[in-house]
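Next comes upload06.cif, a file with mmCIF, C-alpha atoms.
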data_final
#
loop_
_atom_site.label_atom_id
_atom_site.label_comp_id
_atom_site.auth_asym_id
_atom_site.auth_seq_id
_atom_site.Cartn_x
_atom_site.Cartn_y
_atom_site.Cartn_z
CA MET R 1 -32.58 23.11 -35.13
CA THR R 2 -33.27 19.50 -36.03
CA GLU R 3 -35.37 17.52 -33.53
CA GLU R 4 -33.88 14.20 -34.59
CA ASN R 5 -32.56 12.21 -31.57
CA ILE R 6 -34.22 14.71 -29.18
CA THR R 7 -36.91 13.71 -26.66
CA ARG R 8 -38.84 16.46 -24.85
CA LEU R 9 -40.64 15.73 -21.57
CA HIS R 10 -42.71 18.00 -19.33
CA ILE R 11 -43.05 16.85 -15.73
CA ASN R 12 -44.10 18.97 -12.72
CA ASN R 13 -43.58 22.29 -14.51
CA LYS R 14 -40.08 21.31 -15.62
CA GLU R 15 -38.94 20.69 -19.19
CA TYR R 16 -36.46 17.90 -19.84
CA ILE R 17 -34.66 17.77 -23.19
CA LEU R 18 -32.96 14.39 -23.68
CA ILE R 19 -30.34 14.27 -26.45
CA GLY R 20 -29.78 10.68 -27.53
CA THR R 21 -26.19 10.71 -28.70
CA ALA R 22 -23.94 8.21 -30.45
CA HIS R 23 -20.68 7.93 -28.52
CA VAL R 24 -18.76 7.33 -31.74
CA SER R 25 -20.38 9.98 -33.92
CA LYS R 26 -18.99 13.41 -34.84
CA GLN R 27 -22.52 14.68 -35.56
CA SER R 28 -23.66 14.03 -31.97
CA ALA R 29 -21.17 16.52 -30.53
CA GLU R 30 -22.31 19.15 -33.04
CA GLN R 31 -25.95 18.57 -32.10
CA VAL R 32 -25.16 18.86 -28.36
CA LYS R 33 -23.56 22.26 -28.97
CA GLU R 34 -26.44 23.42 -31.13
CA VAL R 35 -29.18 22.34 -28.67
CA ILE R 36 -27.56 23.82 -25.55
CA GLU R 37 -26.82 27.14 -27.24
CA ALA R 38 -30.37 27.36 -28.60
CA GLU R 39 -32.21 26.25 -25.43
CA ARG R 40 -30.02 28.03 -22.82
CA PRO R 41 -30.98 25.49 -20.08
CA ASP R 42 -30.60 25.98 -16.33
CA SER R 43 -28.73 22.66 -16.02
CA VAL R 44 -26.86 20.30 -18.32
CA CYS R 45 -26.69 16.65 -17.24
CA ILE R 46 -24.03 14.42 -18.75
CA GLU R 47 -23.62 10.65 -18.64
CA LEU R 48 -20.42 10.69 -16.58
CA ASP R 49 -19.51 10.07 -12.96
CA GLU R 50 -16.95 12.09 -10.97
CA GLN R 51 -14.00 9.83 -11.75
CA ARG R 52 -14.62 9.66 -15.51
CA TYR R 53 -15.21 13.42 -15.53
CA GLN R 54 -11.82 13.96 -13.89
CA SER R 55 -10.11 11.64 -16.35
CA ILE R 56 -11.49 13.80 -19.18
CA THR R 57 -10.87 17.23 -17.67
CA GLU R 58 -7.59 16.46 -15.85
CA GLY R 59 -5.96 14.15 -18.36
CA ASN R 60 -2.48 15.63 -17.97
CA LYS R 61 -2.67 15.47 -14.18
CA TRP R 62 -3.76 11.82 -14.35
CA LYS R 63 -0.68 10.99 -16.48
CA ASP R 64 1.59 12.04 -13.61
CA THR R 65 -0.15 9.82 -11.05
CA ASP R 66 2.14 7.46 -9.16
CA ILE R 67 0.97 3.86 -9.62
CA PHE R 68 2.23 3.00 -6.12
CA GLN R 69 -0.11 5.63 -4.69
CA VAL R 70 -2.94 4.35 -6.90
CA ILE R 71 -2.51 0.83 -5.48
CA LYS R 72 -2.18 2.18 -1.94
CA ASP R 73 -5.44 4.12 -2.37
CA LYS R 74 -7.12 0.93 -3.66
CA LYS R 75 -7.81 2.48 -7.06
CA ALA R 76 -5.95 -0.18 -9.04
CA THR R 77 -9.20 -1.75 -10.28
CA LEU R 78 -10.49 1.60 -11.49
CA LEU R 79 -7.20 2.24 -13.27
CA LEU R 80 -7.39 -1.15 -14.94
CA MET R 81 -10.95 -0.52 -16.14
CA ASN R 82 -10.06 2.97 -17.36
CA LEU R 83 -7.11 1.48 -19.20
CA ALA R 84 -9.36 -1.12 -20.82
CA ILE R 85 -11.86 1.54 -21.88
CA SER R 86 -9.08 3.84 -23.09
CA SER R 87 -7.50 1.04 -25.12
CA PHE R 88 -10.90 0.21 -26.63
CA GLN R 89 -11.48 3.87 -27.53
CA LYS R 90 -8.02 4.28 -29.03
CA ARG R 91 -8.64 1.38 -31.38
CA MET R 92 -11.87 3.00 -32.60
CA ALA R 93 -10.24 6.42 -32.90
CA LYS R 94 -7.34 5.00 -34.91
CA GLN R 95 -9.48 2.84 -37.18
CA PHE R 96 -12.36 5.23 -37.87
CA ASP R 97 -10.75 8.63 -37.22
CA ILE R 98 -13.28 9.50 -34.51
CA ASN R 99 -13.03 10.68 -30.93
CA PRO R 100 -15.32 8.60 -28.66
CA GLY R 101 -16.93 10.66 -25.89
CA GLN R 102 -16.59 13.96 -27.75
CA GLU R 103 -20.29 14.69 -27.15
CA MET R 104 -19.73 14.59 -23.38
CA ILE R 105 -16.75 16.94 -23.67
CA GLN R 106 -18.93 19.24 -25.77
CA GLY R 107 -21.67 19.10 -23.13
CA ILE R 108 -19.15 20.19 -20.47
CA GLU R 109 -17.86 23.05 -22.62
CA SER R 110 -21.31 24.25 -23.69
CA ALA R 111 -22.61 24.21 -20.10
CA LYS R 112 -19.70 26.43 -19.13
CA ASP R 113 -20.21 28.75 -22.11
CA THR R 114 -23.93 29.23 -21.42
CA GLY R 115 -23.65 29.48 -17.63
CA ALA R 116 -25.70 26.33 -17.06
CA GLU R 117 -25.03 24.17 -13.99
CA LEU R 118 -23.20 20.97 -14.89
CA VAL R 119 -24.63 17.77 -13.33
CA LEU R 120 -22.66 14.52 -13.38
CA ALA R 121 -25.59 12.17 -13.67
CA ASP R 122 -24.12 8.68 -13.99
CA ARG R 123 -23.42 6.25 -11.18
CA ASP R 124 -19.87 5.74 -9.92
CA ILE R 125 -18.24 3.30 -12.33
CA GLN R 126 -16.70 1.34 -9.45
CA VAL R 127 -20.16 0.78 -7.96
CA THR R 128 -21.46 -0.41 -11.34
CA PHE R 129 -18.62 -2.87 -11.77
CA SER R 130 -18.92 -4.09 -8.16
CA ARG R 131 -22.62 -4.77 -8.74
CA VAL R 132 -21.74 -6.55 -12.00
CA TRP R 133 -19.11 -8.55 -10.10
CA GLY R 134 -21.69 -9.53 -7.49
CA ASN R 135 -24.04 -10.93 -10.15
CA ILE R 136 -21.68 -13.54 -11.58
CA GLY R 137 -20.11 -16.71 -10.25
CA MET R 138 -16.47 -17.80 -10.25
CA LYS R 139 -16.61 -18.77 -13.92
CA GLY R 140 -18.13 -15.41 -14.78
CA LYS R 141 -15.46 -13.55 -12.82
CA ALA R 142 -12.72 -15.40 -14.69
CA LEU R 143 -14.38 -14.63 -18.05
CA LEU R 144 -14.86 -10.97 -17.17
CA LEU R 145 -11.25 -10.49 -16.07
CA THR R 146 -10.07 -12.28 -19.21
CA GLN R 147 -12.17 -10.01 -21.41
CA VAL R 148 -11.15 -6.81 -19.62
CA VAL R 149 -7.44 -7.65 -19.73
CA GLY R 150 -7.80 -8.97 -23.27
CA SER R 151 -9.40 -5.71 -24.39
CA ILE R 152 -6.32 -3.83 -23.13
CA PHE R 153 -3.92 -5.84 -25.26
CA SER R 154 -6.23 -6.51 -28.21
CA ASN R 155 -5.37 -5.14 -31.64
CA GLU R 156 -8.42 -6.65 -33.29
CA LYS R 157 -10.14 -4.61 -35.97
CA ILE R 158 -13.65 -3.36 -35.25
CA SER R 159 -16.10 -4.12 -38.07
CA GLU R 160 -18.48 -1.57 -39.58
CA GLU R 161 -21.37 -3.65 -38.22
CA GLU R 162 -19.93 -3.48 -34.70
CA LEU R 163 -19.43 0.27 -35.10
CA GLU R 164 -23.10 0.73 -35.99
CA LYS R 165 -24.09 -1.21 -32.84
CA MET R 166 -21.81 1.01 -30.76
CA LYS R 167 -23.66 4.07 -31.97
CA GLN R 168 -26.57 2.88 -29.85
CA GLN R 169 -24.49 2.00 -26.77
CA ASP R 170 -22.24 3.69 -24.25
CA THR R 171 -18.57 2.73 -24.05
CA ILE R 172 -18.98 0.42 -21.04
CA ASN R 173 -21.82 -1.52 -22.63
CA ALA R 174 -20.01 -1.74 -25.98
CA MET R 175 -16.81 -3.04 -24.41
CA LEU R 176 -18.70 -5.72 -22.43
CA GLN R 177 -21.22 -6.57 -25.18
CA GLU R 178 -19.93 -10.10 -25.77
CA PHE R 179 -19.77 -10.74 -22.04
CA THR R 180 -23.33 -9.57 -21.37
CA ASP R 181 -24.55 -11.80 -24.20
CA HIS R 182 -23.45 -14.77 -22.07
CA PHE R 183 -24.84 -13.27 -18.85
CA PRO R 184 -28.21 -11.64 -19.67
CA LYS R 185 -28.92 -10.82 -16.01
CA LEU R 186 -26.09 -8.26 -16.13
CA LYS R 187 -28.45 -6.01 -18.08
CA LYS R 188 -29.85 -4.97 -14.70
CA PRO R 189 -26.70 -3.39 -13.18
CA LEU R 190 -25.26 -2.23 -16.50
CA ILE R 191 -28.35 -0.67 -18.05
CA ASP R 192 -31.58 -0.87 -16.00
CA GLU R 193 -30.13 0.41 -12.71
CA ARG R 194 -28.19 3.11 -14.48
CA ASP R 195 -31.36 4.19 -16.28
CA GLN R 196 -32.98 4.60 -12.86
CA TYR R 197 -29.98 6.44 -11.41
CA LEU R 198 -29.64 8.74 -14.42
CA SER R 199 -33.35 9.52 -14.50
CA GLN R 200 -33.41 10.53 -10.82
CA LYS R 201 -30.30 12.70 -11.16
CA ILE R 202 -31.82 14.41 -14.21
CA LYS R 203 -35.13 14.92 -12.42
CA ASP R 204 -33.35 16.41 -9.38
CA ALA R 205 -31.24 18.79 -11.47
CA PRO R 206 -31.80 22.47 -10.53
CA GLY R 207 -33.83 24.81 -12.72
CA GLU R 208 -36.92 24.55 -14.89
CA LYS R 209 -35.22 23.59 -18.14
CA ILE R 210 -32.83 20.64 -18.16
CA VAL R 211 -30.78 19.30 -21.07
CA ALA R 212 -29.39 15.76 -20.66
CA VAL R 213 -26.64 14.39 -22.90
CA LEU R 214 -27.09 10.61 -22.96
CA GLY R 215 -26.18 7.53 -24.93
CA ALA R 216 -29.09 6.72 -27.24
CA ALA R 217 -29.53 3.30 -25.59
CA HIS R 218 -30.47 4.95 -22.28
CA VAL R 219 -33.15 7.32 -23.61
CA PRO R 220 -36.09 4.83 -23.77
CA GLY R 221 -35.41 3.58 -20.23
CA ILE R 222 -34.95 7.06 -18.80
CA THR R 223 -38.14 8.28 -20.50
CA LYS R 224 -40.00 5.57 -18.57
CA GLU R 225 -38.08 5.74 -15.27
CA ILE R 226 -38.11 9.53 -14.91
CA LYS R 227 -41.81 9.34 -14.09
CA LYS R 228 -41.00 7.31 -10.97
CA GLU R 229 -39.05 8.02 -7.76
CA HIS R 230 -35.79 6.14 -7.22
CA ASP R 231 -33.60 5.79 -4.15
CA LEU R 232 -30.15 7.00 -5.24
CA LYS R 233 -28.56 5.84 -2.00
CA LYS R 234 -29.81 2.29 -2.51
CA LEU R 235 -28.74 2.26 -6.17
CA ALA R 236 -25.25 3.42 -5.13
CA GLU R 237 -24.75 0.66 -2.54
CA ARG R 238 -22.13 -1.98 -3.15
CA PRO R 239 -23.52 -5.54 -2.92
CA PRO R 240 -22.69 -7.53 0.24
CA LYS R 241 -19.83 -9.97 -0.25
CA SER R 242 -20.50 -13.69 -0.08
CA LYS R 243 -19.15 -15.40 3.03
CA THR R 244 -18.48 -18.73 1.29
CA PRO R 245 -15.11 -17.82 -0.31
CA LYS R 246 -13.97 -16.36 3.01
CA ILE R 247 -14.97 -19.53 4.88
CA ILE R 248 -13.13 -21.74 2.37
CA GLY R 249 -10.17 -19.36 2.36
CA TRP R 250 -9.77 -19.63 6.12
CA ALA R 251 -10.59 -23.36 6.31
CA ILE R 252 -7.61 -24.42 4.18
CA PRO R 253 -4.86 -22.69 6.22
CA ILE R 254 -6.50 -23.74 9.50
CA PHE R 255 -6.50 -27.34 8.25
CA VAL R 256 -2.81 -27.14 7.25
CA LEU R 257 -1.78 -25.51 10.55
CA ALA R 258 -3.78 -28.09 12.51
CA LEU R 259 -1.96 -30.94 10.74
CA ILE R 260 1.44 -29.38 11.43
CA ALA R 261 0.56 -28.67 15.08
CA TYR R 262 -0.71 -32.22 15.65
CA THR R 263 2.38 -33.70 14.02
CA PHE R 264 4.60 -31.49 16.19
CA LEU R 265 2.93 -32.86 19.32
CA THR R 266 3.37 -36.48 18.28
CA ASN R 267 6.67 -36.21 16.41
CA PRO R 268 8.54 -32.85 16.65
CA THR R 269 11.05 -33.85 13.97
CA ALA R 270 8.28 -34.65 11.48
CA GLY R 271 6.45 -31.46 12.44
CA LEU R 272 9.57 -29.42 11.74
CA GLN R 273 9.91 -31.22 8.42
CA GLN R 274 6.34 -30.18 7.54
CA ALA R 275 7.01 -26.54 8.46
CA ILE R 276 10.22 -26.39 6.40
CA SER R 277 8.51 -28.08 3.46
CA TRP R 278 5.64 -25.59 3.59
CA PHE R 279 8.03 -22.64 3.75
CA LEU R 280 10.33 -23.85 0.96
CA TRP R 281 7.59 -24.92 -1.46
CA ASN R 282 5.66 -21.63 -1.08
CA GLY R 283 8.65 -19.31 -0.92
CA SER R 284 10.68 -20.95 -3.67
CA LEU R 285 7.89 -21.24 -6.24
CA SER R 286 6.67 -17.70 -5.60
CA ALA R 287 10.25 -16.42 -5.94
CA ILE R 288 10.71 -18.41 -9.16
CA GLY R 289 7.52 -16.84 -10.51
CA THR R 290 8.89 -13.39 -9.74
CA ILE R 291 12.19 -14.27 -11.45
CA VAL R 292 10.28 -15.42 -14.55
CA ALA R 293 8.64 -11.99 -14.56
CA LEU R 294 12.14 -10.43 -14.41
CA GLY R 295 11.28 -8.82 -11.10
CA HIS R 296 13.80 -6.81 -9.11
CA PRO R 297 15.94 -8.96 -6.71
CA LEU R 298 14.23 -7.33 -3.72
CA ALA R 299 10.84 -8.25 -5.20
CA VAL R 300 12.08 -11.84 -5.57
CA LEU R 301 13.22 -11.88 -1.92
CA THR R 302 9.90 -10.36 -0.83
CA ALA R 303 7.95 -13.06 -2.66
CA PHE R 304 10.09 -15.78 -1.04
CA ILE R 305 9.55 -14.43 2.48
CA ALA R 306 5.90 -13.41 2.10
CA ALA R 307 4.44 -16.44 0.29
CA PRO R 308 4.57 -18.96 3.19
CA PHE R 309 2.68 -16.52 5.41
CA THR R 310 0.26 -15.02 2.86
CA SER R 311 -0.76 -18.55 1.85
CA LEU R 312 -2.10 -18.92 5.40
CA ASN R 313 -4.11 -15.67 5.17
CA PRO R 314 -6.78 -15.34 2.44
CA LEU R 315 -6.80 -11.56 2.90
CA LEU R 316 -3.22 -11.33 1.63
CA ALA R 317 -1.29 -12.41 -1.47
CA ALA R 318 2.45 -12.75 -2.07
CA GLY R 319 2.09 -11.05 -5.44
CA TRP R 320 0.78 -7.90 -3.81
CA PHE R 321 3.87 -7.55 -1.64
CA ALA R 322 6.24 -8.38 -4.49
CA GLY R 323 4.31 -6.02 -6.76
CA PHE R 324 4.47 -3.20 -4.21
CA VAL R 325 8.24 -3.62 -3.91
CA GLN R 326 8.60 -3.70 -7.70
CA ALA R 327 6.42 -0.60 -8.03
CA TYR R 328 8.36 1.17 -5.30
CA ILE R 329 11.74 0.50 -6.89
CA LYS R 330 10.66 0.93 -10.51
CA ARG R 331 7.77 3.39 -10.17
CA PRO R 332 5.82 3.88 -13.39
CA ASN R 333 3.24 6.60 -13.94
CA VAL R 334 0.08 6.49 -16.01
CA ALA R 335 2.04 7.60 -19.09
CA ASP R 336 3.52 4.09 -19.01
CA PHE R 337 -0.02 2.71 -19.14
CA GLU R 338 -0.74 4.75 -22.26
CA ARG R 339 2.18 3.10 -24.04
CA LEU R 340 0.86 -0.36 -23.28
CA SER R 341 -1.18 -0.62 -26.48
CA ASP R 342 2.05 -0.21 -28.46
CA ASP R 343 4.51 -1.95 -26.11
CA VAL R 344 2.61 -5.23 -25.83
CA HIS R 345 2.91 -5.81 -29.57
CA SER R 346 6.60 -6.67 -29.16
CA VAL R 347 8.38 -9.03 -26.76
CA LYS R 348 10.88 -6.30 -25.88
CA GLY R 349 8.16 -3.74 -25.20
CA PHE R 350 6.11 -6.20 -23.17
CA TRP R 351 8.98 -7.00 -20.80
CA ASN R 352 10.38 -3.46 -20.64
CA ASN R 353 7.18 -1.54 -19.88
CA LYS R 354 7.21 -0.76 -16.14
CA VAL R 355 3.49 -1.33 -15.75
CA THR R 356 3.52 -4.68 -17.53
CA ARG R 357 6.49 -5.73 -15.42
CA ILE R 358 4.54 -5.03 -12.21
CA LEU R 359 1.53 -6.96 -13.53
CA LEU R 360 3.81 -9.89 -14.41
CA VAL R 361 5.42 -9.83 -10.97
CA VAL R 362 2.04 -9.83 -9.23
CA VAL R 363 0.56 -12.58 -11.42
CA PHE R 364 3.56 -14.93 -11.50
CA ALA R 365 4.36 -14.50 -7.81
CA ASN R 366 0.75 -15.42 -6.98
CA ILE R 367 0.76 -18.36 -9.37
CA GLY R 368 3.98 -19.60 -7.79
CA SER R 369 2.53 -19.17 -4.31
CA SER R 370 -0.64 -21.06 -5.32
CA LEU R 371 1.44 -23.93 -6.70
CA GLY R 372 3.54 -23.83 -3.54
CA THR R 373 0.39 -24.13 -1.44
CA LEU R 374 -0.69 -27.12 -3.52
CA PHE R 375 2.63 -28.97 -3.33
CA GLY R 376 3.48 -27.82 0.18
CA GLY R 377 0.02 -28.78 1.45
CA ALA R 378 0.31 -32.19 -0.21
CA ASP R 379 3.68 -32.76 1.45
CA VAL R 380 2.27 -31.71 4.85
CA ILE R 381 -0.52 -34.27 4.43
CA ARG R 382 1.99 -36.95 3.30
CA VAL R 383 4.14 -36.50 6.39
CA PHE R 384 1.05 -36.45 8.61
CA ILE R 385 -0.20 -39.77 7.17
CA GLU R 386 3.22 -41.37 7.50
CA ASN R 387 3.24 -40.48 11.21
CA LEU R 388 -0.27 -41.68 12.05
#
Output the file's structure in the form of structure tokens.
Amino acid sequence: MTEENITRLHINNKEYILIGTAHVSKQSAEQVKEVIEAERPDSVCIELDEQRYQSITEGNKWKDTDIFQVIKDKKATLLLMNLAISSFQKRMAKQFDINPGQEMIQGIESAKDTGAELVLADRDIQVTFSRVWGNIGMKGKALLLTQVVGSIFSNEKISEEELEKMKQQDTINAMLQEFTDHFPKLKKPLIDERDQYLSQKIKDAPGEKIVAVLGAAHVPGITKEIKKEHDLKKLAERPPKSKTPKIIGWAIPIFVLALIAYTFLTNPTAGLQQAISWFLWNGSLSAIGTIVALGHPLAVLTAFIAAPFTSLNPLLAAGWFAGFVQAYIKRPNVADFERLSDDVHSVKGFWNNKVTRILLVVVFANIGSSLGTLFGGADVIRVFIENL
């Protein structure tokens, strides 16, 4: 058995065997199988969290998931990230005839075959992304969303040089490589904190002999961090949300309502004019956005009715309501998501895919509502000034 890519550690009468794998290498999966069968460990730790583990082991079940239920359960962000990662992996698989993540699947199968306890050692991907989200400003958020969505629809070829870099990274890091180059401080939540989390989970794994299947990039950090104690609960906490956006979000509608209320007291006719203007600008532009997205007539009506009210509540968005109605009437499942990489390459496919249609409805309804707030708010201020 070759010892290449294997790190052996002995701490407190326990042996840890770290296999530094390449997530896009066929040889890594073969080595994982060979090491586990030869060592017969008590536990096998793999670099997956519960949700990514389920997406691997229950792929067919995931395909039948109702998108409406996914949104209702607030798992839309996870689904979007999984879609981005899946799209990224499919491009590699198609271009290089490889199966990214095969070494993790092999670790699961070999643990089962040898009777070892399987330990999901990575941090919840939603926690990681929420901590990434909390480390960037508004510009960073816009760039990140652009890159994530762009990676879903991208058909760009991956160079041999990029492939070699990926052999030293995990899928998440590889997908966000360009983004992290612009935001070096994201190394902490993406790599450093995960090294700490992984090391503690590996150290706490039951038994005296532990095999850990890890991306090669994590091995040096884990080798150092496993000698320390880490608070898993603290590492799994979501960062507190900033109060500034909430304050601004509430200040704008309060300001608009105050202007309308004051105008009503001094000139009821002008106040009514402001209210109608606000309703028509918000409702009409949001409805037009939904029509542009070829939304269902009920989704269009929903956008028209919801926008004037959601624009006064930063916790709500017209696009959500229109999107829910669209999803309810034209419910796609995750199989529709899997066709996205092919459908978005044609105008017909882009507009006909049920998932893309919902995304368009949400985006364009919100854009319309935002424009309605801008024009409606400006008209409210105009009428207020005229009646001073």
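The interatomic distance for the pair CA of Gly289 (chain R) and CA of Thr244 (chain R) works out to 28.6 Å.
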Can you tell me, as a list in words, what residues are no more than 8 Å from Arg40 (chain R) when counting only C-alpha atoms, ignoring any on the same chain fewer than 4 positions away?
Ile36, Thr114 and Ala116 of chain R
Applying 10 Å and only C-alpha atoms, which residues near region 371-385 of chain R remain after dropping the ones on its own chain fewer than 6 positions away? List them as a PyMOL selection string.
chain R and resi 252-253+255-257+259-260+262-264+266-267+270-271+273-286+307-308+311-312+365
Let me make sure I understand: among R:Lys224, R:Lys354, R:Lys209, R:Arg238, which one has the smallest atom-to-atom distance to Tyr16 (chain R) if we use all atoms listed in the file?
R:Lys209
Mind giving me the straight-line distance from CA of Ala216 (chain R) to CA of Gly134 (chain R) in Å, one decimal?
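CA of Ala216 (chain R) sits 26.6 Å away from CA of Gly134 (chain R).
The space separating CA of Ile358 (chain R) from CA of Asp66 (chain R) comes to 13.1 Å.
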Excluding Val363 (chain R) and residues on its chain fewer than 3 positions from it, collect all residues at most 9 Å away from it, counting only C-alpha atoms, and give them as a PDB file with C-alpha atoms, keeping the file's coordinate frame.
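So out.pdb came out as:
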ATOM      1  CA  GLY R 289       7.520 -16.840 -10.510  1.00  0.00           C
ATOM      2  CA  THR R 290       8.890 -13.390  -9.740  1.00  0.00           C
ATOM      3  CA  ALA R 293       8.640 -11.990 -14.560  1.00  0.00           C
ATOM      4  CA  GLY R 319       2.090 -11.050  -5.440  1.00  0.00           C
ATOM      5  CA  TRP R 320       0.780  -7.900  -3.810  1.00  0.00           C
ATOM      6  CA  GLY R 323       4.310  -6.020  -6.760  1.00  0.00           C
ATOM      7  CA  ILE R 358       4.540  -5.030 -12.210  1.00  0.00           C
ATOM      8  CA  LEU R 359       1.530  -6.960 -13.530  1.00  0.00           C
ATOM      9  CA  LEU R 360       3.810  -9.890 -14.410  1.00  0.00           C
ATOM     10  CA  ASN R 366       0.750 -15.420  -6.980  1.00  0.00           C
ATOM     11  CA  ILE R 367       0.760 -18.360  -9.370  1.00  0.00           C
ATOM     12  CA  GLY R 368       3.980 -19.600  -7.790  1.00  0.00           C
TER      13      GLY R 368
END
Evaluate the PyMOL selection byres ((chain R and resi 201) around 9) and record the selected residues as a compact mmCIF listing (two decimals) with C-alpha atoms, in the frame of the given file, following the chain and residue labels used in the document.
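Listed below is the output, part_8.txt:
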# COMPACT_ATOMS: atom_id res chain seq x y z
CA CYS R 45 -26.69 16.65 -17.24
CA VAL R 119 -24.63 17.77 -13.33
CA LEU R 120 -22.66 14.52 -13.38
CA ALA R 121 -25.59 12.17 -13.67
CA ASP R 122 -24.12 8.68 -13.99
CA GLN R 196 -32.98 4.60 -12.86
CA TYR R 197 -29.98 6.44 -11.41
CA LEU R 198 -29.64 8.74 -14.42
CA SER R 199 -33.35 9.52 -14.50
CA GLN R 200 -33.41 10.53 -10.82
CA ILE R 202 -31.82 14.41 -14.21
CA LYS R 203 -35.13 14.92 -12.42
CA ASP R 204 -33.35 16.41 -9.38
CA ALA R 205 -31.24 18.79 -11.47
CA LEU R 232 -30.15 7.00 -5.24
Which is closest to Pro239 (chain R) among R:Ile136, R:Ala318, R:Met104, R:Val32, if we use all atoms listed in the file?
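Closest residue, counting all atoms listed in the file: R:Ile136.
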Just say which residues the PyMOL selection byres ((chain R and resi 324) around 9) picks in this file, as a PyMOL selection string.
chain R and resi 68+71-72+299+319-323+325-329+358+362
